[in-house]
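Novice: Can you keep this structure in mind? I'll have questions shortly.
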Amino acid sequence: MTPSDAPSPDDAPRPQAALTLRGVRKRYPGADHDALVDLDLEVGAGSVTAVVGASGCGKTTLLRLVAGLEIPDAGTVRIGGDDVAGEGVWVQPEARGVGMVFQDFALFPHLTVRENVAYGLRGMKRNTREARVREMLALTGIDELAARYPHQLSGGQRQRVALARALAPDPRLLLLDEPFSSLDLPLKVGLQMELAELLRESGVPTLIVVHDVEDVVPLAARVVILREGRIVKEGSIARLCQQPGDAYVAGFFERLRSPTGNRFMTDIDEKGTPPPPTHPENDPELAE
Amino acid sequence: MALTRSSRWSRAARSLPWGWAALAFGVVALMAVPVVSVPIRALGPTGEAWQHVSTTLLPIYLRNTAFLLVVSGGVALALGAGTAWLVALCDFPGRKHFRWALVLPLAVPAWMAAYIYAAMADVTGPIQRIVRAVVPGAADSFLYLNVMRIEVVAVLFGVVLFPYVYLPTRAMLEQRAGPALEAARLLGDGPFGVFRRVALPLARPALAGGSALVLMEVLNDYGAVKYYGVSTFTTGIFRAWFTLGDLDSAVRLAGILMMVVMLLLLTERWQRGGARYDGVGGRGGAARYRLRGFGAAGAFTFCAIPLLLGFVIPLLQLLAWGWRTAPEVVDARFLRLVLNSLGLAAAAGVAAVAVAVPLAFATRIDRTPLIRSLARISLLGYSVPGAVIAVGVLTTTLAVDRFLVGGDSLLLTGTVGALVFAYVVRFMAVAYLPVEAGLEKIGDSLTAASRTLGASPLRTLLRIELPLLRGSILAAATLVVIDVLKELPLTLIMRPFNLDTLATRSFQLASDEQVAHSAPAALLIIASASIVVAVLHRTLDRTEPFS
């Protein structure tokens, strides 16, 4: 092998992205502007990417396009190497292998927690299905709640059920839509830590949309800032915090940059690696 | 001290002044007497005629009524749930038009659809004329199409009443089930699975509520079953009263019919009570299935058939008849019919609102369970078939007449006043509910502001609340007017001699084999009802479905 034949670092096969969007555009009927404008986005295998933006910037539209609940006007969507939307291609939501946790959790109110989690497990032998449900309930710490109905659960418990249900069919990609918006602060922080650990354990590539960057500090390696349907900045939280570039982006990190800001930031290193999970009960700030 | 004053104020604000209380109790008593008197009187001693009715006729009434309830309910459920699913969750050509048009069959009274179809299938009707024109060699032959069957009338009920199921189910799927349905899709379920495993269970309260309305309308019907010769409780009440001259048997049949209605209402309440779906499944609509090719054609056909059968075909047939007979029918006598109908309907509308408004205010001022329960009792009439109300009002007015003028003459019975009173008892809920909703929309703060500025409840009512309620009151009165225009059994029993309305005249002409001559009156009823149905649909679109 001559030196010229040796593979250079650039030639090394890159791991296949879990999600790739190219030139995606979407405008709702009757709207006077695009909800998403020529959007390019990639979520790496096993990674967690957060999309942050103000209300109406197109975050939820982006998730719904990936899930197949909306059809893009232009561009392509590729999940795990398969084209699911694009020129002449359209894969129905039920065939995309995507798990989604909705903003209000969307639990089936007429089914128990166990039945909710088992809902997406079809074509399995009964024993296998039940074992998988038990595994998911244990993973999300809700074994005790298996026989309850959604209206008998607290907000935090509902979120765990929604997560267990989305993870149970072993999705190729997990989508989280404002998963903490309906929770109060102590509960929110506790669940952020647990979710971070759970996503690391499961290794499922995840795209999460939030309006408050603080919600994803312990979760996301990479943050994408969305404004009026366009990506205006992306990078690690630490880098964007230090070099926001403009006032719009800086606005999202204002609280993190203040001396009394987010308690996670002191632990974040330059590469943007999130801190190890800490339970809120051990956190003196929250214990107050 | 401040605390004492404050608690005294809140007590004073919430308790009902004695004048209001007396008015509320009076209204409730007036509304409840005809309804409550029926089951009480039905428990009285039985005569010989009842022996005959109970052994020979009652089993037939029960069997036919049960058959009608099961088949009509089934057809209405299948059409209502199916069309609601397609319109709310699928994209296909014509969906937007079907969305509002599928409500229109409500404008066609079931008795009218019944005689239109019977006439259409007749030897001289358009169906046989088309067959004779199209089929070679059939020009001189006559088909014997026996449509005067209980199966046909049961399906007809389903076809004209299915919007009662369609409307709340569609609203439920559009407004409150979206995220749960989308979650089911993302978990890999196909359209049939999502419909069966998620949409149907979520829509259960709406399906139960809508079906209960359908079944109550079926129980209330007199015209369709009478025309088709099907013996049910309502025709039985008429027969016992007018043919056998036996008021006791009529009352007893009305009592049994009321028991069936109460059973229905309890079942519906139980169905709704079991569901605690509020706010759990999420809010908003779901992404629609895009239907193409056969799927789109199938969806179009499924929505088009009930619309054609329940509205378009009856309307076109009436227009054809009306065009031919209007010059003959529309004369001074017809104008008198219109004036009679409008006069009665307007009087009932004004009276119902005049009773509903003070009652709604009473429940607003005093929010104790007692007053609320009393208000609900006065709304019972809407669930009770018109024939039963008629029996209740007549027995009541006869008793009052006996008390006031002895047994020799009648003061109230058989008067326009008694008929209007019966309408008010029957349609009280139609007047009360929009007023109550209007009051809820106004909220408490304006009333509180007026009271803190020293205004009495009456002054607050006249200066603040009534002017703000104008729209709701007008809507309530209009709804009552339309219901009275369409009403048949109660009017047939209660009307004074020689007083005809558009509905009674149209039905009478149809019964006398002069169907084409009944068209102008029928068209006027459908036109006025269509306007209200359309307005109601727009209003419902802006509000939440019941759940």
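Convention: chains lettered A, B, ... in structure tokens order; per-chain residue numbering from 1; ligands numbered from 1 as shown.
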Can you list, as a list of chain:residue names, every protein, DNA or RNA residue that comes within 7 Å of Gly322 in chain B when you count only C-alpha atoms, leaving out same-chain residues fewer than 2 positions away?
Specialist: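 Non-adjacent residues within range: B:Leu318, B:Leu319, B:Ala320, B:Arg324, B:Thr325, B:Ala326, B:Ala516, B:Ala519, B:Pro520.
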Novice: Put those residues in a file: N, CA and C atoms, as an mmCIF file, in the first residue's frame.
Specialist:
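Output file again-v3.cif follows:
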data_model
loop_
_atom_site.group_PDB
_atom_site.id
_atom_site.type_symbol
_atom_site.label_atom_id
_atom_site.label_comp_id
_atom_site.auth_asym_id
_atom_site.auth_seq_id
_atom_site.Cartn_x
_atom_site.Cartn_y
_atom_site.Cartn_z
ATOM 1 N N LEU B 318 -89.648 16.978 -3.430
ATOM 2 C CA LEU B 318 -90.601 17.989 -2.957
ATOM 3 C C LEU B 318 -90.642 19.181 -3.907
ATOM 4 N N LEU B 319 -89.438 19.567 -4.408
ATOM 5 C CA LEU B 319 -89.392 20.697 -5.345
ATOM 6 C C LEU B 319 -90.188 20.365 -6.609
ATOM 7 N N ALA B 320 -90.028 19.127 -7.095
ATOM 8 C CA ALA B 320 -90.755 18.724 -8.309
ATOM 9 C C ALA B 320 -92.266 18.755 -8.057
ATOM 10 N N ARG B 324 -95.292 21.698 -9.388
ATOM 11 C CA ARG B 324 -96.521 21.291 -10.080
ATOM 12 C C ARG B 324 -97.765 21.762 -9.320
ATOM 13 N N THR B 325 -97.721 21.686 -7.992
ATOM 14 C CA THR B 325 -98.965 21.904 -7.238
ATOM 15 C C THR B 325 -99.078 23.289 -6.602
ATOM 16 N N ALA B 326 -97.963 24.041 -6.579
ATOM 17 C CA ALA B 326 -98.001 25.334 -5.879
ATOM 18 C C ALA B 326 -99.115 26.257 -6.373
ATOM 19 N N ALA B 516 -98.365 15.071 -3.423
ATOM 20 C CA ALA B 516 -97.801 16.187 -4.181
ATOM 21 C C ALA B 516 -98.306 17.523 -3.647
ATOM 22 N N ALA B 519 -96.407 19.256 -0.728
ATOM 23 C CA ALA B 519 -95.033 19.724 -0.928
ATOM 24 C C ALA B 519 -94.788 21.189 -0.535
ATOM 25 N N PRO B 520 -95.652 22.147 -0.937
ATOM 26 C CA PRO B 520 -95.331 23.549 -0.587
ATOM 27 C C PRO B 520 -95.162 23.755 0.918
#
Novice: Select from range 51-245 of chain A everything DSSP, run on the backbone, classes as alpha helix (DSSP H), then give the selection as a compact mmCIF listing (two decimals) with N, CA and C atoms, in the first residue's frame.
Specialist:
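Saved file part_3.txt follows:
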# COMPACT_ATOMS: atom_id res chain seq x y z
N LYS A 59 -40.60 24.87 15.18
CA LYS A 59 -40.05 23.69 15.86
C LYS A 59 -40.98 22.49 15.74
N THR A 60 -42.25 22.72 16.10
CA THR A 60 -43.19 21.59 16.10
C THR A 60 -43.46 21.11 14.67
N THR A 61 -43.48 22.06 13.71
CA THR A 61 -43.65 21.67 12.30
C THR A 61 -42.51 20.74 11.89
N LEU A 62 -41.31 21.06 12.34
CA LEU A 62 -40.15 20.24 12.01
C LEU A 62 -40.35 18.80 12.52
N LEU A 63 -40.77 18.68 13.78
CA LEU A 63 -40.99 17.34 14.35
C LEU A 63 -42.08 16.60 13.58
N ARG A 64 -43.16 17.31 13.26
CA ARG A 64 -44.29 16.66 12.58
C ARG A 64 -43.92 16.23 11.16
N LEU A 65 -43.01 16.97 10.53
CA LEU A 65 -42.53 16.58 9.20
C LEU A 65 -41.71 15.30 9.29
N VAL A 66 -40.87 15.24 10.31
CA VAL A 66 -40.03 14.05 10.48
C VAL A 66 -40.91 12.84 10.79
N ALA A 67 -41.94 13.06 11.62
CA ALA A 67 -42.82 11.95 12.00
C ALA A 67 -43.73 11.52 10.86
N VAL A 113 -51.75 1.91 31.99
CA VAL A 113 -50.35 2.21 31.69
C VAL A 113 -49.72 1.03 30.93
N ARG A 114 -49.99 -0.19 31.41
CA ARG A 114 -49.41 -1.37 30.76
C ARG A 114 -49.89 -1.47 29.31
N GLU A 115 -51.19 -1.23 29.10
CA GLU A 115 -51.74 -1.33 27.74
C GLU A 115 -51.21 -0.21 26.85
N ASN A 116 -51.01 0.97 27.43
CA ASN A 116 -50.43 2.07 26.66
C ASN A 116 -49.05 1.69 26.16
N VAL A 117 -48.24 1.13 27.07
CA VAL A 117 -46.86 0.80 26.69
C VAL A 117 -46.84 -0.35 25.68
N ALA A 118 -47.80 -1.26 25.79
CA ALA A 118 -47.82 -2.43 24.88
C ALA A 118 -48.42 -2.08 23.52
N ARG A 126 -46.88 -13.33 22.98
CA ARG A 126 -47.38 -12.70 24.19
C ARG A 126 -46.31 -12.56 25.27
N ASN A 127 -45.54 -13.64 25.45
CA ASN A 127 -44.51 -13.62 26.51
C ASN A 127 -43.46 -12.56 26.22
N THR A 128 -43.06 -12.51 24.96
CA THR A 128 -42.03 -11.53 24.58
C THR A 128 -42.56 -10.12 24.79
N ARG A 129 -43.82 -9.93 24.41
CA ARG A 129 -44.40 -8.59 24.55
C ARG A 129 -44.48 -8.18 26.02
N GLU A 130 -44.92 -9.11 26.82
CA GLU A 130 -45.05 -8.77 28.24
C GLU A 130 -43.69 -8.49 28.88
N ALA A 131 -42.69 -9.27 28.44
CA ALA A 131 -41.33 -9.05 28.97
C ALA A 131 -40.84 -7.66 28.58
N ARG A 132 -41.13 -7.26 27.33
CA ARG A 132 -40.69 -5.96 26.85
C ARG A 132 -41.39 -4.83 27.63
N VAL A 133 -42.68 -5.03 27.88
CA VAL A 133 -43.42 -4.02 28.64
C VAL A 133 -42.83 -3.90 30.04
N ARG A 134 -42.56 -5.04 30.67
CA ARG A 134 -41.97 -5.01 32.03
C ARG A 134 -40.63 -4.28 32.01
N GLU A 135 -39.85 -4.58 30.96
CA GLU A 135 -38.53 -3.95 30.84
C GLU A 135 -38.66 -2.43 30.74
N MET A 136 -39.61 -1.98 29.92
CA MET A 136 -39.80 -0.54 29.73
C MET A 136 -40.32 0.13 31.01
N LEU A 137 -41.24 -0.56 31.67
CA LEU A 137 -41.79 0.01 32.92
C LEU A 137 -40.68 0.14 33.95
N ALA A 138 -39.80 -0.87 33.99
CA ALA A 138 -38.70 -0.83 34.96
C ALA A 138 -37.71 0.27 34.58
N LEU A 139 -37.43 0.38 33.30
CA LEU A 139 -36.47 1.38 32.82
C LEU A 139 -36.93 2.79 33.18
N GLY A 155 -48.35 14.55 36.51
CA GLY A 155 -47.73 14.99 35.26
C GLY A 155 -46.42 14.26 34.97
N GLY A 156 -45.60 14.10 36.00
CA GLY A 156 -44.31 13.44 35.82
C GLY A 156 -44.49 11.97 35.46
N GLN A 157 -45.46 11.35 36.11
CA GLN A 157 -45.71 9.93 35.82
C GLN A 157 -46.21 9.75 34.39
N ARG A 158 -47.05 10.68 33.95
CA ARG A 158 -47.56 10.60 32.58
C ARG A 158 -46.41 10.71 31.58
N GLN A 159 -45.45 11.58 31.92
CA GLN A 159 -44.34 11.74 31.00
C GLN A 159 -43.53 10.45 30.89
N ARG A 160 -43.36 9.79 32.01
CA ARG A 160 -42.62 8.52 31.98
C ARG A 160 -43.35 7.48 31.15
N VAL A 161 -44.68 7.44 31.30
CA VAL A 161 -45.45 6.46 30.51
C VAL A 161 -45.30 6.77 29.02
N ALA A 162 -45.39 8.06 28.68
CA ALA A 162 -45.26 8.44 27.27
C ALA A 162 -43.90 8.03 26.73
N LEU A 163 -42.88 8.19 27.55
CA LEU A 163 -41.52 7.83 27.13
C LEU A 163 -41.39 6.31 26.98
N ALA A 164 -41.92 5.59 27.96
CA ALA A 164 -41.85 4.11 27.89
C ALA A 164 -42.59 3.62 26.66
N ARG A 165 -43.74 4.22 26.37
CA ARG A 165 -44.53 3.80 25.21
C ARG A 165 -43.77 4.07 23.91
N ALA A 166 -43.12 5.23 23.85
CA ALA A 166 -42.39 5.58 22.62
C ALA A 166 -41.16 4.70 22.43
N LEU A 167 -40.51 4.32 23.54
CA LEU A 167 -39.28 3.52 23.43
C LEU A 167 -39.56 2.03 23.24
N LEU A 185 -41.02 23.12 38.34
CA LEU A 185 -39.56 23.15 38.30
C LEU A 185 -38.87 21.96 38.97
N PRO A 186 -39.18 21.63 40.24
CA PRO A 186 -38.45 20.52 40.86
C PRO A 186 -38.63 19.21 40.08
N LEU A 187 -39.83 18.97 39.63
CA LEU A 187 -40.12 17.75 38.89
C LEU A 187 -39.36 17.77 37.57
N LYS A 188 -39.36 18.94 36.94
CA LYS A 188 -38.71 19.11 35.65
C LYS A 188 -37.23 18.74 35.74
N VAL A 189 -36.54 19.28 36.77
CA VAL A 189 -35.10 19.06 36.89
C VAL A 189 -34.82 17.57 37.13
N GLY A 190 -35.64 16.97 37.98
CA GLY A 190 -35.45 15.54 38.26
C GLY A 190 -35.61 14.72 37.00
N LEU A 191 -36.64 15.04 36.22
CA LEU A 191 -36.90 14.26 35.02
C LEU A 191 -35.86 14.52 33.93
N GLN A 192 -35.32 15.74 33.90
CA GLN A 192 -34.26 16.03 32.92
C GLN A 192 -33.07 15.10 33.15
N MET A 193 -32.72 14.94 34.44
CA MET A 193 -31.57 14.08 34.77
C MET A 193 -31.87 12.63 34.40
N GLU A 194 -33.07 12.19 34.76
CA GLU A 194 -33.43 10.79 34.48
C GLU A 194 -33.49 10.54 32.98
N LEU A 195 -34.05 11.50 32.26
CA LEU A 195 -34.18 11.34 30.81
C LEU A 195 -32.80 11.28 30.16
N ALA A 196 -31.89 12.13 30.66
CA ALA A 196 -30.53 12.14 30.10
C ALA A 196 -29.90 10.75 30.27
N GLU A 197 -30.06 10.17 31.44
CA GLU A 197 -29.46 8.86 31.71
C GLU A 197 -30.14 7.79 30.84
N LEU A 198 -31.46 7.91 30.76
CA LEU A 198 -32.23 6.92 30.00
C LEU A 198 -31.86 6.94 28.52
N LEU A 199 -31.71 8.14 27.97
CA LEU A 199 -31.35 8.23 26.55
C LEU A 199 -29.94 7.71 26.31
N ARG A 200 -29.06 7.97 27.27
CA ARG A 200 -27.70 7.45 27.14
C ARG A 200 -27.72 5.93 27.17
N GLU A 201 -28.52 5.38 28.08
CA GLU A 201 -28.61 3.92 28.22
C GLU A 201 -29.20 3.28 26.96
N SER A 202 -30.28 3.89 26.46
CA SER A 202 -30.98 3.27 25.32
C SER A 202 -30.23 3.48 24.01
N ILE A 237 -23.71 23.51 23.51
CA ILE A 237 -24.29 24.53 24.39
C ILE A 237 -23.19 25.45 24.90
N ALA A 238 -22.07 24.85 25.27
CA ALA A 238 -20.99 25.66 25.84
C ALA A 238 -20.48 26.69 24.82
N ARG A 239 -20.34 26.22 23.56
CA ARG A 239 -19.80 27.13 22.55
C ARG A 239 -20.80 28.26 22.24
N LEU A 240 -22.06 27.88 22.09
CA LEU A 240 -23.07 28.90 21.78
C LEU A 240 -23.25 29.87 22.94
N CYS A 241 -23.05 29.35 24.13
CA CYS A 241 -23.19 30.20 25.30
C CYS A 241 -22.09 31.26 25.32
N GLN A 242 -20.89 30.79 24.94
CA GLN A 242 -19.76 31.73 24.96
C GLN A 242 -19.73 32.61 23.71
Novice: Calculate how many Å separate CA of Val225 in chain B from CA of Val416 in chain B, rounding to one decimal.
Specialist: 26.5 Å
Novice: Residues of chain A within 8 Å of chain B, counting only C-alpha atoms - could you list those as a PyMOL selection string?
Specialist: chain A and resi 67+69-70+93-100+102+104-110+119-120+150-151+166+169
Novice: Write the residues you've just listed into a file as a compact mmCIF listing (two decimals), in the first residue's frame, and include C-alpha atoms for each of them.
Specialist:
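Saved the output as again_9.txt:
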# COMPACT_ATOMS: atom_id res chain seq x y z
CA ALA A 67 -42.82 11.95 12.00
CA LEU A 69 -47.72 13.97 10.25
CA GLU A 70 -47.11 16.79 7.75
CA PRO A 93 -46.14 7.77 9.82
CA GLU A 94 -46.97 4.25 11.00
CA ALA A 95 -44.24 2.78 8.79
CA ARG A 96 -41.40 5.15 9.73
CA GLY A 97 -40.27 3.48 12.93
CA VAL A 98 -40.25 6.76 14.81
CA GLY A 99 -41.15 7.14 18.50
CA MET A 100 -42.64 10.42 19.63
CA PHE A 102 -46.07 14.63 22.53
CA ASP A 104 -49.25 16.85 26.32
CA PHE A 105 -48.13 13.20 26.24
CA ALA A 106 -51.19 12.01 24.26
CA LEU A 107 -51.71 8.93 26.43
CA PHE A 108 -54.67 6.75 25.48
CA PRO A 109 -57.10 7.57 28.29
CA HIS A 110 -59.09 4.35 27.94
CA TYR A 119 -49.78 -0.56 22.20
CA GLY A 120 -46.95 -0.37 19.66
CA PRO A 150 -53.68 8.01 32.75
CA HIS A 151 -56.13 10.19 34.68
CA ALA A 166 -42.39 5.58 22.62
CA PRO A 169 -41.09 -0.65 19.89
Novice: Would you kindly return, as a PyMOL selection string, each protein, DNA or RNA residue with an atom no farther than 6 Å from any atom of range 30-46 of chain A, considering only C-alpha atoms and excluding same-chain residues fewer than 6 positions away?
Specialist: chain A and resi 17-24+58+203-205+229-230
Novice: Restricting it to C-alpha atoms, dump the selection as a PDB file, in the first residue's frame.
Specialist:
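Writing the result to out.pdb gives the following:
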ATOM      1  CA  ALA A  17     -26.884   9.736  10.301  1.00  0.00           C
ATOM      2  CA  ALA A  18     -30.074   8.728  12.099  1.00  0.00           C
ATOM      3  CA  LEU A  19     -31.932  11.632  10.483  1.00  0.00           C
ATOM      4  CA  THR A  20     -31.098  13.809   7.518  1.00  0.00           C
ATOM      5  CA  LEU A  21     -33.180  16.709   6.219  1.00  0.00           C
ATOM      6  CA  ARG A  22     -32.153  18.446   2.997  1.00  0.00           C
ATOM      7  CA  GLY A  23     -33.784  21.614   1.649  1.00  0.00           C
ATOM      8  CA  VAL A  24     -37.040  21.007   3.513  1.00  0.00           C
ATOM      9  CA  GLY A  58     -41.330  26.105  13.193  1.00  0.00           C
ATOM     10  CA  GLY A 203     -28.711   4.821  22.720  1.00  0.00           C
ATOM     11  CA  VAL A 204     -31.714   5.875  20.625  1.00  0.00           C
ATOM     12  CA  PRO A 205     -30.900   8.919  18.472  1.00  0.00           C
ATOM     13  CA  GLY A 229     -38.205  28.592   9.939  1.00  0.00           C
ATOM     14  CA  ARG A 230     -34.452  28.870   9.384  1.00  0.00           C
TER      15      ARG A 230
END
Novice: Name all residues at most 9 Å from Leu79 in chain B (count only C-alpha atoms; drop same-chain ones fewer than 2 positions away) and give them as a ChimeraX atom specification.
Specialist: /B:74-77,81-84,158-159,162-163,165-166,302-303,306
Novice: Given the selection you just returned, output its residues as a file containing C-alpha atoms, formatted as a CSV table (one decimal), in the first residue's frame.
Specialist:
chain,number,residue,atom,x,y,z
B,74,GLY,CA,-77.4,0.9,14.5
B,75,VAL,CA,-77.8,2.7,11.2
B,76,ALA,CA,-77.4,6.1,12.7
B,77,LEU,CA,-74.3,4.9,14.7
B,81,ALA,CA,-69.4,7.4,13.2
B,82,GLY,CA,-68.2,6.5,9.7
B,83,THR,CA,-68.9,9.9,8.2
B,84,ALA,CA,-67.4,11.7,11.3
B,158,GLY,CA,-81.3,6.2,10.8
B,159,VAL,CA,-80.7,8.1,7.5
B,162,PHE,CA,-77.6,10.2,11.9
B,163,PRO,CA,-76.3,13.8,12.1
B,165,VAL,CA,-74.2,11.1,16.0
B,166,TYR,CA,-72.1,12.7,13.3
B,302,PHE,CA,-70.0,6.7,2.0
B,303,CYS,CA,-70.6,10.4,2.7
B,306,PRO,CA,-76.7,9.4,3.5
Novice: Please, what distance in Å, to one decimal, runs between CA of Gly471 in chain B and CA of Leu23 in chain B?
Specialist: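 About the pair CA of Gly471 in chain B and CA of Leu23 in chain B: they are 23.8 Å apart.
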Novice: Any idea what's packed within 6 Å of range 94-110 of chain B, counting only C-alpha atoms, ignoring anything in its chain fewer than 3 positions away? Could you give it as a VMD selection string?
Specialist: chain B and resid 87 113 160 163 307 310 to 311 526 529 to 530
Novice: For CA of Ile40 in chain B and CA of Leu374 in chain B, quote the distance in Å rounded to one decimal.
Specialist: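 Distance between the two atoms: 18.6 Å.
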Novice: Counting only C-alpha atoms, what is within 9 Å of Glu217 in chain B, bar same-chain residues fewer than 4 positions away, as a list in words?
Specialist: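 What passes the distance filter is Ala110, Phe157, Leu161, Ala212, Leu213, Asp221, Ser383 and Pro385 of chain B.
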Novice: Take the residues just selected and output them with C-alpha atoms as an mmCIF file, in the first residue's frame.
Specialist:
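As written to disk, result_0.cif reads:
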data_model
loop_
_atom_site.group_PDB
_atom_site.id
_atom_site.type_symbol
_atom_site.label_atom_id
_atom_site.label_comp_id
_atom_site.auth_asym_id
_atom_site.auth_seq_id
_atom_site.Cartn_x
_atom_site.Cartn_y
_atom_site.Cartn_z
ATOM 1 C CA ALA B 110 -88.611 11.818 9.705
ATOM 2 C CA PHE B 157 -84.958 7.045 10.804
ATOM 3 C CA LEU B 161 -81.229 11.257 12.268
ATOM 4 C CA ALA B 212 -79.466 8.750 22.867
ATOM 5 C CA LEU B 213 -80.798 11.739 20.908
ATOM 6 C CA ASP B 221 -92.089 9.926 16.195
ATOM 7 C CA SER B 383 -86.501 13.936 26.569
ATOM 8 C CA PRO B 385 -92.049 12.161 23.549
#
Novice: Taking only C-alpha atoms into account, name the residue in A:Asp177, A:Ala50, A:Gln243, A:Ala168 that is nearest to Glu214 in chain A.
Specialist: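 Using only C-alpha atoms, the shortest distance to Glu214 in chain A belongs to A:Ala50.
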